[in-house]
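What follows is the content of model-v6.csv, which has CSV, C-alpha atoms and all ligand atoms:
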```
chain,number,residue,atom,x,y,z
O,2,MET,CA,-13.7,-20.4,-15.9
O,3,VAL,CA,-15.5,-22.9,-13.7
O,4,THR,CA,-18.7,-21.4,-12.4
O,5,GLU,CA,-20.2,-24.3,-10.3
O,6,SER,CA,-19.7,-24.1,-6.6
O,7,VAL,CA,-21.4,-26.7,-4.4
O,8,ASN,CA,-20.9,-29.1,-1.5
O,9,LEU,CA,-18.1,-27.4,0.2
O,10,PRO,CA,-16.1,-29.6,2.6
O,11,CYS,CA,-16.2,-29.6,6.4
O,12,ASP,CA,-12.5,-30.3,7.0
O,13,THR,CA,-9.5,-28.3,6.1
O,14,SER,CA,-6.1,-29.3,4.6
O,15,PRO,CA,-3.0,-28.7,6.7
O,16,PRO,CA,-1.1,-25.6,5.5
O,17,GLN,CA,1.4,-26.3,2.8
O,18,ARG,CA,3.5,-24.2,0.4
O,19,LEU,CA,2.3,-24.8,-3.1
O,20,ASP,CA,2.8,-23.4,-6.6
O,21,LEU,CA,-0.7,-23.0,-7.9
O,22,VAL,CA,-1.1,-22.3,-11.6
O,23,LEU,CA,-3.1,-19.2,-12.4
O,24,VAL,CA,-5.8,-20.4,-14.8
O,25,GLY,CA,-8.2,-17.5,-15.0
O,26,ARG,CA,-8.5,-13.8,-14.3
O,27,ARG,CA,-11.3,-11.3,-14.6
O,28,GLU,CA,-11.4,-7.6,-13.9
O,29,ALA,CA,-14.2,-6.8,-11.5
O,30,GLY,CA,-14.8,-3.2,-10.7
O,31,ARG,CA,-12.3,-0.4,-10.9
O,32,ASP,CA,-9.7,-1.7,-8.4
O,33,TYR,CA,-10.2,-5.4,-8.3
O,34,VAL,CA,-9.3,-8.5,-10.3
O,35,ARG,CA,-10.6,-12.0,-9.5
O,36,LEU,CA,-7.9,-14.7,-10.0
O,37,VAL,CA,-8.6,-18.4,-10.4
O,38,LEU,CA,-5.9,-20.8,-9.2
O,39,ASP,CA,-5.7,-24.5,-10.0
O,40,ALA,CA,-5.5,-26.4,-6.6
O,41,PRO,CA,-4.7,-30.0,-5.8
O,42,THR,CA,-7.8,-32.3,-5.8
O,43,ALA,CA,-7.3,-32.9,-2.1
O,44,TRP,CA,-7.6,-29.2,-1.3
O,45,GLU,CA,-10.0,-28.5,1.6
O,46,SER,CA,-10.5,-25.0,3.0
O,47,LEU,CA,-13.4,-23.2,4.7
O,48,PRO,CA,-14.7,-19.7,4.4
O,49,GLY,CA,-12.6,-17.2,6.3
O,50,GLN,CA,-9.3,-19.1,5.7
O,51,PHE,CA,-6.6,-17.3,3.7
O,52,LEU,CA,-3.5,-17.8,1.6
O,53,ASN,CA,-0.2,-16.1,2.3
O,54,ILE,CA,1.0,-15.3,-1.2
O,55,LEU,CA,4.5,-14.5,-2.4
O,56,CYS,CA,4.2,-11.4,-4.5
O,57,GLU,CA,7.3,-11.7,-6.7
O,58,SER,CA,7.8,-13.4,-10.0
O,59,ASP,CA,10.3,-16.1,-9.3
O,60,PRO,CA,11.6,-16.5,-5.7
O,61,ARG,CA,14.3,-19.0,-6.8
O,62,ALA,CA,15.7,-16.6,-9.4
O,63,ALA,CA,15.6,-13.6,-7.1
O,64,THR,CA,18.6,-11.4,-6.7
O,65,LEU,CA,19.0,-12.1,-3.0
O,66,SER,CA,22.3,-13.9,-2.8
O,67,GLU,CA,21.5,-15.5,0.5
O,68,ARG,CA,18.0,-16.6,-0.5
O,69,ARG,CA,17.1,-20.2,0.0
O,70,PRO,CA,14.0,-22.1,-1.3
O,71,LEU,CA,11.1,-21.9,1.0
O,72,HIS,CA,10.9,-25.4,2.4
O,73,TRP,CA,9.7,-24.3,5.9
O,74,GLU,CA,7.1,-27.0,6.0
O,75,GLU,CA,9.9,-29.6,5.8
O,76,GLY,CA,11.8,-28.0,8.6
O,77,GLY,CA,14.0,-26.0,6.2
O,78,GLU,CA,15.3,-22.5,6.5
O,79,TRP,CA,13.6,-19.2,5.9
O,80,PRO,CA,15.3,-16.9,3.4
O,81,ILE,CA,17.6,-14.3,4.8
O,82,ALA,CA,18.4,-11.0,3.2
O,83,THR,CA,20.6,-8.0,4.2
O,84,GLY,CA,19.1,-4.6,4.5
O,85,LEU,CA,20.9,-3.4,1.3
O,86,GLU,CA,19.5,-6.3,-0.7
O,87,LEU,CA,16.0,-5.6,0.6
O,88,GLY,CA,16.4,-2.0,-0.3
O,89,ARG,CA,17.0,-2.9,-4.0
O,90,ARG,CA,14.0,-5.2,-4.2
O,91,LYS,CA,11.1,-4.1,-6.3
O,92,TRP,CA,8.5,-6.4,-4.8
O,93,PRO,CA,7.6,-7.0,-1.1
O,94,PHE,CA,9.7,-9.5,0.8
O,95,VAL,CA,6.8,-10.5,3.1
O,96,ARG,CA,4.0,-12.6,1.8
O,97,ARG,CA,0.6,-10.9,1.5
O,98,PRO,CA,-2.5,-12.5,3.1
O,99,LEU,CA,-5.5,-12.9,0.8
O,100,SER,CA,-8.7,-14.8,1.5
O,101,VAL,CA,-9.8,-17.9,-0.3
O,102,SER,CA,-12.8,-16.2,-1.8
O,103,ARG,CA,-14.5,-19.3,-3.2
O,104,VAL,CA,-13.7,-22.9,-3.8
O,105,LEU,CA,-15.0,-24.1,-7.2
O,106,ARG,CA,-15.4,-27.8,-7.8
O,107,ASP,CA,-15.9,-29.3,-11.2
O,108,GLY,CA,-15.6,-33.0,-11.2
O,109,ALA,CA,-12.1,-33.8,-10.0
O,110,ARG,CA,-10.9,-30.2,-10.6
O,111,VAL,CA,-10.6,-27.8,-7.7
O,112,ARG,CA,-10.1,-24.2,-8.3
O,113,LEU,CA,-9.7,-21.4,-5.8
O,114,GLU,CA,-10.9,-17.9,-6.4
O,115,VAL,CA,-8.9,-15.0,-4.9
O,116,LEU,CA,-10.2,-11.5,-5.1
O,117,VAL,CA,-7.4,-9.0,-5.3
O,118,ARG,CA,-7.8,-5.3,-4.6
O,119,ARG,CA,-4.9,-3.2,-5.9
O,120,VAL,CA,-3.7,-1.1,-3.0
O,121,GLY,CA,0.1,-1.4,-3.0
O,122,SER,CA,3.1,-3.1,-4.6
O,123,GLY,CA,2.2,-6.6,-3.6
O,124,THR,CA,-1.4,-6.7,-4.7
O,125,ARG,CA,-0.6,-4.7,-7.9
O,126,PHE,CA,2.0,-7.3,-8.7
O,127,LEU,CA,-0.4,-10.1,-8.1
O,128,ALA,CA,-3.2,-8.5,-10.0
O,129,SER,CA,-0.9,-8.1,-13.0
O,130,ARG,CA,0.0,-11.8,-13.3
O,131,PRO,CA,-0.9,-13.4,-16.6
O,132,VAL,CA,-2.7,-16.7,-17.0
O,133,GLY,CA,-0.4,-19.7,-17.0
O,134,VAL,CA,2.2,-18.6,-14.3
O,135,PRO,CA,2.6,-20.4,-11.0
O,136,VAL,CA,1.6,-18.5,-7.8
O,137,ASP,CA,3.5,-19.3,-4.7
O,138,VAL,CA,1.1,-19.7,-1.8
O,139,VAL,CA,1.1,-21.0,1.8
O,140,GLY,CA,-2.3,-22.1,3.0
O,141,PRO,CA,-4.9,-22.7,3.9
O,142,LEU,CA,-4.2,-20.6,7.0
O,143,GLY,CA,-6.2,-19.3,9.9
O,144,ASN,CA,-9.6,-20.3,11.3
O,145,HIS,CA,-13.0,-20.1,9.6
O,146,PHE,CA,-16.5,-19.0,10.0
O,147,THR,CA,-18.9,-21.4,11.6
O,148,PRO,CA,-22.5,-22.0,10.7
O,149,PRO,CA,-25.4,-21.5,13.2
O,150,ASP,CA,-26.6,-24.7,14.8
O,151,ASP,CA,-30.2,-24.0,13.8
O,152,ASP,CA,-32.0,-22.8,10.7
O,153,ARG,CA,-31.8,-19.1,11.5
O,154,LEU,CA,-31.5,-16.5,8.7
O,155,CYS,CA,-27.9,-15.6,8.0
O,156,ILE,CA,-27.1,-12.0,7.1
O,157,LEU,CA,-23.7,-11.6,5.6
O,158,VAL,CA,-22.1,-8.1,5.3
O,159,GLY,CA,-19.1,-7.5,3.2
O,160,GLY,CA,-17.2,-4.2,2.5
O,161,GLY,CA,-14.3,-3.7,0.0
O,162,CYS,CA,-12.0,-6.6,-0.3
O,163,GLY,CA,-13.8,-8.0,2.8
O,164,MET,CA,-16.4,-9.3,0.3
O,165,ALA,CA,-14.0,-12.0,-0.7
O,166,PRO,CA,-14.7,-14.5,2.1
O,167,ILE,CA,-18.3,-13.4,2.2
O,168,PHE,CA,-18.9,-14.8,-1.3
O,169,GLY,CA,-17.5,-18.2,-0.2
O,170,LEU,CA,-19.4,-18.1,3.0
O,171,ALA,CA,-22.7,-17.6,1.1
O,172,ASP,CA,-21.8,-20.7,-1.1
O,173,TRP,CA,-21.2,-22.8,2.0
O,174,LEU,CA,-24.2,-21.8,4.1
O,175,THR,CA,-26.6,-22.1,1.2
O,176,ALA,CA,-25.1,-25.5,0.3
O,177,SER,CA,-26.0,-26.5,3.9
O,178,GLY,CA,-29.6,-25.5,3.3
O,179,LEU,CA,-29.5,-22.2,5.2
O,180,GLN,CA,-31.2,-19.0,4.0
O,181,CYS,CA,-28.8,-16.2,3.5
O,182,ALA,CA,-29.0,-12.5,2.6
O,183,LEU,CA,-25.9,-10.7,1.5
O,184,VAL,CA,-25.3,-7.1,2.0
O,185,LEU,CA,-22.4,-5.7,-0.1
O,186,GLY,CA,-21.2,-2.2,0.6
O,187,ALA,CA,-18.9,0.1,-1.4
O,188,PRO,CA,-18.3,3.8,-1.6
O,189,THR,CA,-19.6,3.9,-5.1
O,190,LEU,CA,-20.7,1.5,-7.9
O,191,ASP,CA,-17.2,1.5,-9.6
O,192,GLU,CA,-15.8,0.1,-6.4
O,193,VAL,CA,-18.0,-3.0,-6.2
O,194,PRO,CA,-15.9,-6.1,-7.1
O,195,ALA,CA,-18.5,-7.6,-9.4
O,196,VAL,CA,-19.5,-7.8,-13.0
O,197,PHE,CA,-23.0,-6.7,-13.8
O,198,ARG,CA,-25.4,-7.9,-16.5
O,199,SER,CA,-26.7,-4.3,-16.7
O,200,ALA,CA,-26.0,-1.3,-14.6
O,201,PRO,CA,-27.8,-1.8,-11.3
O,202,ALA,CA,-30.3,0.9,-10.5
O,203,ALA,CA,-30.1,3.3,-7.6
O,204,ALA,CA,-32.7,2.2,-5.1
O,205,GLY,CA,-32.7,5.2,-2.6
O,206,ASP,CA,-33.7,4.0,0.8
O,207,ALA,CA,-35.0,0.6,-0.2
O,208,ALA,CA,-32.8,-2.3,0.9
O,209,ALA,CA,-34.0,-4.3,-2.1
O,210,PRO,CA,-32.2,-7.3,-3.8
O,211,CYS,CA,-30.0,-6.5,-6.8
O,212,GLU,CA,-30.8,-8.8,-9.7
O,213,SER,CA,-28.1,-7.7,-12.2
O,214,ILE,CA,-24.9,-9.3,-10.7
O,215,LEU,CA,-23.4,-11.6,-13.2
O,216,ASP,CA,-20.1,-12.5,-11.6
O,217,PRO,CA,-19.8,-13.8,-8.9
O,218,ASP,CA,-22.7,-16.1,-9.7
O,219,LEU,CA,-24.2,-16.7,-6.3
O,220,GLY,CA,-27.3,-18.5,-7.6
O,221,GLN,CA,-30.5,-17.5,-5.9
O,222,VAL,CA,-28.9,-15.8,-2.9
O,223,GLU,CA,-30.6,-12.6,-2.0
O,224,THR,CA,-27.9,-9.8,-2.6
O,225,ILE,CA,-28.4,-6.3,-1.5
O,226,LEU,CA,-26.0,-3.7,-2.8
O,227,SER,CA,-25.4,-0.5,-0.9
O,228,THR,CA,-23.3,2.5,-2.0
O,229,ASP,CA,-22.4,5.5,0.1
O,230,ASP,CA,-23.0,7.9,-2.7
O,231,GLY,CA,-26.3,6.2,-3.8
O,232,SER,CA,-25.0,5.5,-7.3
O,233,ALA,CA,-26.4,1.9,-7.1
O,234,GLY,CA,-28.6,0.0,-4.8
O,235,PHE,CA,-29.4,1.3,-1.3
O,236,HIS,CA,-28.1,4.8,-0.6
O,237,GLY,CA,-26.1,4.5,2.6
O,238,THR,CA,-23.7,2.2,4.4
O,239,ALA,CA,-23.9,-1.6,4.3
O,240,ILE,CA,-24.7,-1.5,8.1
O,241,GLU,CA,-27.7,0.8,7.5
O,242,ALA,CA,-28.9,-1.6,4.7
O,243,ALA,CA,-28.4,-4.6,7.0
O,244,ARG,CA,-30.4,-2.8,9.7
O,245,ARG,CA,-33.2,-2.2,7.2
O,246,ARG,CA,-33.2,-5.9,6.3
O,247,LEU,CA,-33.4,-6.8,9.9
O,248,GLN,CA,-36.4,-4.6,10.4
O,249,ASP,CA,-38.1,-6.4,7.4
O,250,VAL,CA,-37.3,-9.7,9.0
O,251,GLY,CA,-39.1,-8.7,12.2
O,252,ASP,CA,-38.0,-9.3,15.8
O,253,ASP,CA,-39.3,-12.9,16.0
O,254,ARG,CA,-37.1,-14.6,13.4
O,255,PRO,CA,-33.7,-15.5,14.8
O,256,VAL,CA,-30.8,-14.3,12.8
O,257,ALA,CA,-27.0,-14.7,12.7
O,258,LEU,CA,-24.7,-11.9,11.5
O,259,TYR,CA,-21.4,-12.4,9.7
O,260,GLY,CA,-19.1,-9.7,8.4
O,261,CYS,CA,-15.8,-8.9,6.8
O,262,GLY,CA,-14.6,-5.4,5.9
O,263,PRO,CA,-13.0,-2.3,7.3
O,264,GLU,CA,-12.7,-2.1,11.1
O,265,ARG,CA,-15.2,0.7,11.4
O,266,MET,CA,-17.8,-1.3,9.5
O,267,MET,CA,-17.1,-4.4,11.7
O,268,ARG,CA,-17.4,-2.4,14.8
O,269,ALA,CA,-20.8,-1.0,13.7
O,270,LEU,CA,-21.9,-4.6,12.8
O,271,ALA,CA,-21.0,-5.8,16.2
O,272,ARG,CA,-23.1,-3.0,17.8
O,273,LEU,CA,-26.0,-3.9,15.5
O,274,ALA,CA,-25.8,-7.5,16.5
O,275,GLU,CA,-25.6,-6.6,20.2
O,276,ARG,CA,-28.7,-4.5,20.0
O,277,ARG,CA,-30.5,-7.3,18.2
O,278,GLY,CA,-29.2,-9.9,20.6
O,279,ALA,CA,-27.8,-11.9,17.6
O,280,PRO,CA,-24.6,-13.9,17.3
O,281,CYS,CA,-22.0,-12.2,15.1
O,282,GLN,CA,-18.8,-13.4,13.7
O,283,VAL,CA,-16.4,-11.0,12.0
O,284,SER,CA,-13.2,-11.6,10.0
O,285,LEU,CA,-10.5,-9.1,11.1
O,286,GLU,CA,-8.2,-7.6,8.5
O,287,CYS,CA,-5.1,-7.1,10.6
O,288,PHE,CA,-1.7,-6.5,9.1
O,289,MET,CA,0.1,-9.8,8.8
O,290,GLY,CA,3.7,-11.0,8.3
O,291,CYS,CA,4.5,-14.7,8.7
O,292,GLY,CA,0.9,-16.0,8.8
O,293,ILE,CA,2.0,-18.8,11.1
O,294,GLY,CA,2.1,-17.3,14.6
O,295,VAL,CA,5.8,-16.3,14.7
O,296,CYS,CA,6.2,-12.6,14.0
O,297,LEU,CA,3.4,-11.3,16.3
O,298,SER,CA,2.5,-8.6,13.8
O,299,CYS,CA,-1.2,-9.6,13.6
O,300,ALA,CA,-2.2,-9.1,17.2
O,301,ALA,CA,-5.7,-8.0,17.9
O,302,LYS,CA,-7.1,-6.9,21.3
O,303,VAL,CA,-9.7,-9.2,22.7
O,304,ARG,CA,-11.5,-9.4,26.0
O,305,ASP,CA,-10.0,-11.7,28.6
O,306,PRO,CA,-11.8,-11.6,32.0
O,307,ALA,CA,-9.0,-13.8,33.4
O,308,SER,CA,-6.3,-11.2,32.9
O,309,GLN,CA,-5.8,-8.3,35.2
O,310,ALA,CA,-6.3,-5.7,32.4
O,311,GLY,CA,-9.5,-7.5,31.2
O,312,TRP,CA,-8.0,-7.9,27.8
O,313,THR,CA,-5.2,-9.7,26.0
O,314,TYR,CA,-3.8,-10.0,22.4
O,315,ARG,CA,-4.9,-12.7,20.0
O,316,MET,CA,-2.7,-13.6,17.0
O,317,THR,CA,-5.3,-13.4,14.2
O,318,CYS,CA,-3.3,-15.4,11.7
O,319,GLN,CA,-3.9,-18.5,13.9
O,320,GLU,CA,-6.7,-17.8,16.3
O,321,GLY,CA,-8.4,-15.7,13.6
O,322,PRO,CA,-9.0,-13.9,11.3
O,323,VAL,CA,-12.6,-15.0,12.3
O,324,VAL,CA,-13.6,-14.0,15.8
O,325,ASP,CA,-16.8,-13.6,17.8
O,326,ALA,CA,-17.6,-9.9,17.6
O,327,ARG,CA,-18.3,-9.8,21.3
O,328,ASP,CA,-14.7,-10.7,22.1
O,329,VAL,CA,-13.1,-7.8,20.2
O,330,VAL,CA,-11.9,-4.7,22.1
O,331,TRP,CA,-12.7,-2.2,19.3
O,332,ALA,CA,-10.3,0.8,18.9
G,1,LIG,C1,-6.8,-12.4,6.7
G,1,LIG,C2,-6.7,-11.4,5.6
G,1,LIG,C3,-7.4,-11.6,4.4
G,1,LIG,C4,-7.3,-10.7,3.4
G,1,LIG,N1,-8.0,-10.9,2.3
G,1,LIG,C5,-7.9,-10.1,1.2
G,1,LIG,C6,-8.5,-10.4,0.0
G,1,LIG,O1,-9.2,-11.4,-0.2
G,1,LIG,N2,-8.3,-9.5,-1.0
G,1,LIG,C7,-7.6,-8.4,-0.9
G,1,LIG,O2,-7.4,-7.6,-1.9
G,1,LIG,N3,-7.0,-8.0,0.3
G,1,LIG,C8,-7.1,-8.9,1.3
G,1,LIG,N4,-6.5,-8.6,2.5
G,1,LIG,C9,-5.7,-7.3,2.6
G,1,LIG,C10,-4.4,-7.5,1.9
G,1,LIG,O3,-3.6,-8.5,2.6
G,1,LIG,C11,-3.6,-6.2,1.9
G,1,LIG,O4,-4.3,-5.3,1.1
G,1,LIG,C12,-2.2,-6.4,1.3
G,1,LIG,O5,-1.4,-7.2,2.2
G,1,LIG,C13,-1.6,-5.1,0.9
G,1,LIG,O6,-0.3,-5.5,0.3
G,1,LIG,P1,0.4,-4.5,-0.7
G,1,LIG,O7,1.8,-4.8,-0.8
G,1,LIG,O8,-0.4,-4.4,-2.0
G,1,LIG,O9,0.2,-3.1,-0.1
G,1,LIG,P2,1.2,-2.3,0.9
G,1,LIG,O10,2.2,-1.6,0.1
G,1,LIG,O11,1.7,-3.2,2.0
G,1,LIG,O12,0.1,-1.3,1.6
G,1,LIG,C14,-0.6,-0.4,0.7
G,1,LIG,C15,-1.8,0.2,1.6
G,1,LIG,O13,-2.7,-0.9,2.0
G,1,LIG,C16,-2.8,-0.8,3.4
G,1,LIG,N5,-2.8,-2.2,3.9
G,1,LIG,C17,-1.9,-3.1,3.9
G,1,LIG,N6,-2.3,-4.3,4.5
G,1,LIG,C18,-3.5,-4.1,4.9
G,1,LIG,C19,-4.4,-4.9,5.7
G,1,LIG,N7,-4.2,-6.1,6.1
G,1,LIG,N8,-5.6,-4.3,6.0
G,1,LIG,C20,-5.9,-3.1,5.6
G,1,LIG,N9,-5.1,-2.3,4.9
G,1,LIG,C21,-3.9,-2.8,4.6
G,1,LIG,C22,-1.5,-0.1,3.9
G,1,LIG,O14,-1.8,0.6,5.1
G,1,LIG,C23,-1.3,0.9,2.8
G,1,LIG,O15,-2.0,2.0,3.0
G,1,LIG,C24,-6.6,-9.5,3.6
G,1,LIG,C25,-5.9,-9.2,4.8
G,1,LIG,C26,-6.0,-10.2,5.8
G,1,LIG,C27,-5.3,-9.9,7.1
G,2,LIG,S1,1.2,-12.9,11.1
G,2,LIG,FE1,3.0,-13.5,12.2
G,2,LIG,S2,2.2,-14.0,14.1
G,2,LIG,FE2,0.4,-13.6,12.9
```

Can you turn what I pasted into structure tokens?
Amino acid sequence: MVTESVNLPCDTSPPQRLDLVLVGRREAGRDYVRLVLDAPTAWESLPGQFLNILCESDPRAATLSERRPLHWEEGGEWPIATGLELGRRKWPFVRRPLSVSRVLRDGARVRLEVLVRRVGSGTRFLASRPVGVPVDVVGPLGNHFTPPDDDRLCILVGGGCGMAPIFGLADWLTASGLQCALVLGAPTLDEVPAVFRSAPAAAGDAAAPCESILDPDLGQVETILSTDDGSAGFHGTAIEAARRRLQDVGDDRPVALYGCGPERMMRALARLAERRGAPCQVSLECFMGCGIGVCLSCAAKVRDPASQAGWTYRMTCQEGPVVDARDVVWA
């Protein structure tokens, strides 16, 4: 596997459908596997963007009699299937959105890391793919995180599979010379999507850096681990650990907060940012279908002073998944 990750680009490629060969895989924690995909040398994506991935073995050999190749980017047709045919299918018909976790560059080679959490049929299928097979992706899709325009400290909070874009964001911000602190939260040590050099110690109520993370290799980036049950790192939620880190920073140092994880966690991060008066960007994990603004399944409620109700819907596959936390109407 390529381990170097530097000088991430500032532009993004237009979305395309591609067959990317799976060139590496590594189990990371109980429910996760990290996949490495070989990408075209011209690939450019930024942290927060995602791939919409087909979770079946060979779309062209599928049993759907009416299925056609997916040449939508050339103005072709989408596949059509009857309800009966769909009922017989073992794998999901709709692509599954997964973040580009990291972009790894090694000379002319570009590799994409995707962190897959096994939760249902699509992600289980993807997580079971052997090295050497092509993976059918559409991407890069969606918008991306943006860096602060000064040298403020960036605190990045990730929970569950929401850690995926946070790893790439840490790469990108540190490559730009910004100081970052990562806070990674999980219910228990087993559910942290990382490989450890040695079992990380329980740190009680100290939001201290964890030195034993081997993979992902984030270089010198300060990484604080938090577990709800206290089995490793800070005993408590990632938000509480981030609050402690902010206390240590003091009120005078400007900070920017970034987050990706379950909605409850993002809502709490938004509140923390508001109390601190800090800018905060969050990546929303809405349910998605098409990934290209057609099916309307990814709508999130956002503030809209111009509308009568004071809010409107935003399609997070296009005008997201990254949003300013102040814009979100939290459930
Ligand atoms: C922009 C974006 C980026 C994402 N990045 C990643 C990533 O990097 N790694 C990763 O493992 N997952 C990621 N997800 C979540 C992932 O898309 C879902 O877990 C996946 O679609 C589930 O498909 P499935 O067929 O395995 O499960 P399904 O059978 O469809 O569902 C299984 C269970 O997962 C829940 N679920 C399904 N989709 C979501 C969702 N979007 N958010 C929360 N719960 C869901 C369902 O409610 C159900 O309980 C991302 C989602 C979005 C919107
Ligand atoms: S996923 Fe279809 S409109 Fe966003």

Practice problem: Quick one: pull the distance between atom CA of Gly260 of chain O and atom CA of Gly163 of chain O, Å, one decimal. | Solution: 7.9 Å

So that I can check the surroundings of Val101 of chain O, please list as a PDB file with C-alpha atoms, in the coordinates of the input every protein, DNA and RNA residue that reaches within 12 Å of it, counting all atoms listed in the file and ignoring chain neighbours fewer than 2 positions away.
```pdb
ATOM      1  CA  ARG O  35     -10.600 -12.000  -9.500  1.00  0.00           C
ATOM      2  CA  LEU O  36      -7.900 -14.700 -10.000  1.00  0.00           C
ATOM      3  CA  VAL O  37      -8.600 -18.400 -10.400  1.00  0.00           C
ATOM      4  CA  LEU O  38      -5.900 -20.800  -9.200  1.00  0.00           C
ATOM      5  CA  ALA O  40      -5.500 -26.400  -6.600  1.00  0.00           C
ATOM      6  CA  TRP O  44      -7.600 -29.200  -1.300  1.00  0.00           C
ATOM      7  CA  GLU O  45     -10.000 -28.500   1.600  1.00  0.00           C
ATOM      8  CA  SER O  46     -10.500 -25.000   3.000  1.00  0.00           C
ATOM      9  CA  LEU O  47     -13.400 -23.200   4.700  1.00  0.00           C
ATOM     10  CA  PRO O  48     -14.700 -19.700   4.400  1.00  0.00           C
ATOM     11  CA  GLY O  49     -12.600 -17.200   6.300  1.00  0.00           C
ATOM     12  CA  GLN O  50      -9.300 -19.100   5.700  1.00  0.00           C
ATOM     13  CA  PHE O  51      -6.600 -17.300   3.700  1.00  0.00           C
ATOM     14  CA  LEU O  52      -3.500 -17.800   1.600  1.00  0.00           C
ATOM     15  CA  ASN O  53      -0.200 -16.100   2.300  1.00  0.00           C
ATOM     16  CA  ILE O  54       1.000 -15.300  -1.200  1.00  0.00           C
ATOM     17  CA  PRO O  98      -2.500 -12.500   3.100  1.00  0.00           C
ATOM     18  CA  LEU O  99      -5.500 -12.900   0.800  1.00  0.00           C
ATOM     19  CA  ARG O 103     -14.500 -19.300  -3.200  1.00  0.00           C
ATOM     20  CA  VAL O 104     -13.700 -22.900  -3.800  1.00  0.00           C
ATOM     21  CA  LEU O 105     -15.000 -24.100  -7.200  1.00  0.00           C
ATOM     22  CA  ARG O 112     -10.100 -24.200  -8.300  1.00  0.00           C
ATOM     23  CA  LEU O 113      -9.700 -21.400  -5.800  1.00  0.00           C
ATOM     24  CA  GLU O 114     -10.900 -17.900  -6.400  1.00  0.00           C
ATOM     25  CA  VAL O 115      -8.900 -15.000  -4.900  1.00  0.00           C
ATOM     26  CA  LEU O 116     -10.200 -11.500  -5.100  1.00  0.00           C
ATOM     27  CA  VAL O 117      -7.400  -9.000  -5.300  1.00  0.00           C
ATOM     28  CA  VAL O 138       1.100 -19.700  -1.800  1.00  0.00           C
ATOM     29  CA  VAL O 139       1.100 -21.000   1.800  1.00  0.00           C
ATOM     30  CA  GLY O 140      -2.300 -22.100   3.000  1.00  0.00           C
ATOM     31  CA  PRO O 141      -4.900 -22.700   3.900  1.00  0.00           C
ATOM     32  CA  LEU O 142      -4.200 -20.600   7.000  1.00  0.00           C
ATOM     33  CA  GLY O 143      -6.200 -19.300   9.900  1.00  0.00           C
ATOM     34  CA  ASN O 144      -9.600 -20.300  11.300  1.00  0.00           C
ATOM     35  CA  HIS O 145     -13.000 -20.100   9.600  1.00  0.00           C
ATOM     36  CA  CYS O 162     -12.000  -6.600  -0.300  1.00  0.00           C
ATOM     37  CA  GLY O 163     -13.800  -8.000   2.800  1.00  0.00           C
ATOM     38  CA  MET O 164     -16.400  -9.300   0.300  1.00  0.00           C
ATOM     39  CA  ALA O 165     -14.000 -12.000  -0.700  1.00  0.00           C
ATOM     40  CA  PRO O 166     -14.700 -14.500   2.100  1.00  0.00           C
ATOM     41  CA  ILE O 167     -18.300 -13.400   2.200  1.00  0.00           C
ATOM     42  CA  PHE O 168     -18.900 -14.800  -1.300  1.00  0.00           C
ATOM     43  CA  GLY O 169     -17.500 -18.200  -0.200  1.00  0.00           C
ATOM     44  CA  LEU O 170     -19.400 -18.100   3.000  1.00  0.00           C
TER      45      LEU O 170
END
```

Determine, using only C-alpha atoms and all ligand atoms, which residues of chain O have any atom at most 8 Å from an atom of ligand LIG 2 (chain G), and tabulate each with its shortest atom pair and distance in Å to one decimal place, rows ordered by chain and then rising number, as JSON lines.
```
{"residue": "O:Phe288", "atom": "CA", "partner": "G:LIG2", "partner_atom": "S1", "distance": 7.3}
{"residue": "O:Met289", "atom": "CA", "partner": "G:LIG2", "partner_atom": "S1", "distance": 4.0}
{"residue": "O:Gly290", "atom": "CA", "partner": "G:LIG2", "partner_atom": "S1", "distance": 4.2}
{"residue": "O:Cys291", "atom": "CA", "partner": "G:LIG2", "partner_atom": "FE1", "distance": 4.0}
{"residue": "O:Gly292", "atom": "CA", "partner": "G:LIG2", "partner_atom": "S1", "distance": 3.9}
{"residue": "O:Ile293", "atom": "CA", "partner": "G:LIG2", "partner_atom": "FE1", "distance": 5.5}
{"residue": "O:Gly294", "atom": "CA", "partner": "G:LIG2", "partner_atom": "S2", "distance": 3.3}
{"residue": "O:Val295", "atom": "CA", "partner": "G:LIG2", "partner_atom": "S2", "distance": 4.3}
{"residue": "O:Cys296", "atom": "CA", "partner": "G:LIG2", "partner_atom": "FE1", "distance": 3.8}
{"residue": "O:Leu297", "atom": "CA", "partner": "G:LIG2", "partner_atom": "S2", "distance": 3.7}
{"residue": "O:Ser298", "atom": "CA", "partner": "G:LIG2", "partner_atom": "FE1", "distance": 5.2}
{"residue": "O:Cys299", "atom": "CA", "partner": "G:LIG2", "partner_atom": "FE2", "distance": 4.4}
{"residue": "O:Ala300", "atom": "CA", "partner": "G:LIG2", "partner_atom": "FE2", "distance": 6.7}
{"residue": "O:Met316", "atom": "CA", "partner": "G:LIG2", "partner_atom": "FE2", "distance": 5.1}
{"residue": "O:Thr317", "atom": "CA", "partner": "G:LIG2", "partner_atom": "FE2", "distance": 5.8}
{"residue": "O:Cys318", "atom": "CA", "partner": "G:LIG2", "partner_atom": "FE2", "distance": 4.3}
{"residue": "O:Gln319", "atom": "CA", "partner": "G:LIG2", "partner_atom": "FE2", "distance": 6.6}
```

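Atom to atom, atom CA of Pro322 of chain O and atom CA of Asp216 of chain O stand 25.5 Å apart.
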
Quiz item: Which residues, written as an MDAnalysis selection string, have at least one atom at most 12 Å from Thr189 of chain O, with only C-alpha atoms counted and residues fewer than 4 positions away on the same chain left out?
Solution: chainID O and resid 30:32 160:161 185 193:194 201 203 226:239

Quiz item: Which is closer to Arg96 of chain O than all the others in O:Thr124, O:Ser284, O:Thr42, O:Ser177, using all atoms listed in the file?
Solution: O:Thr124
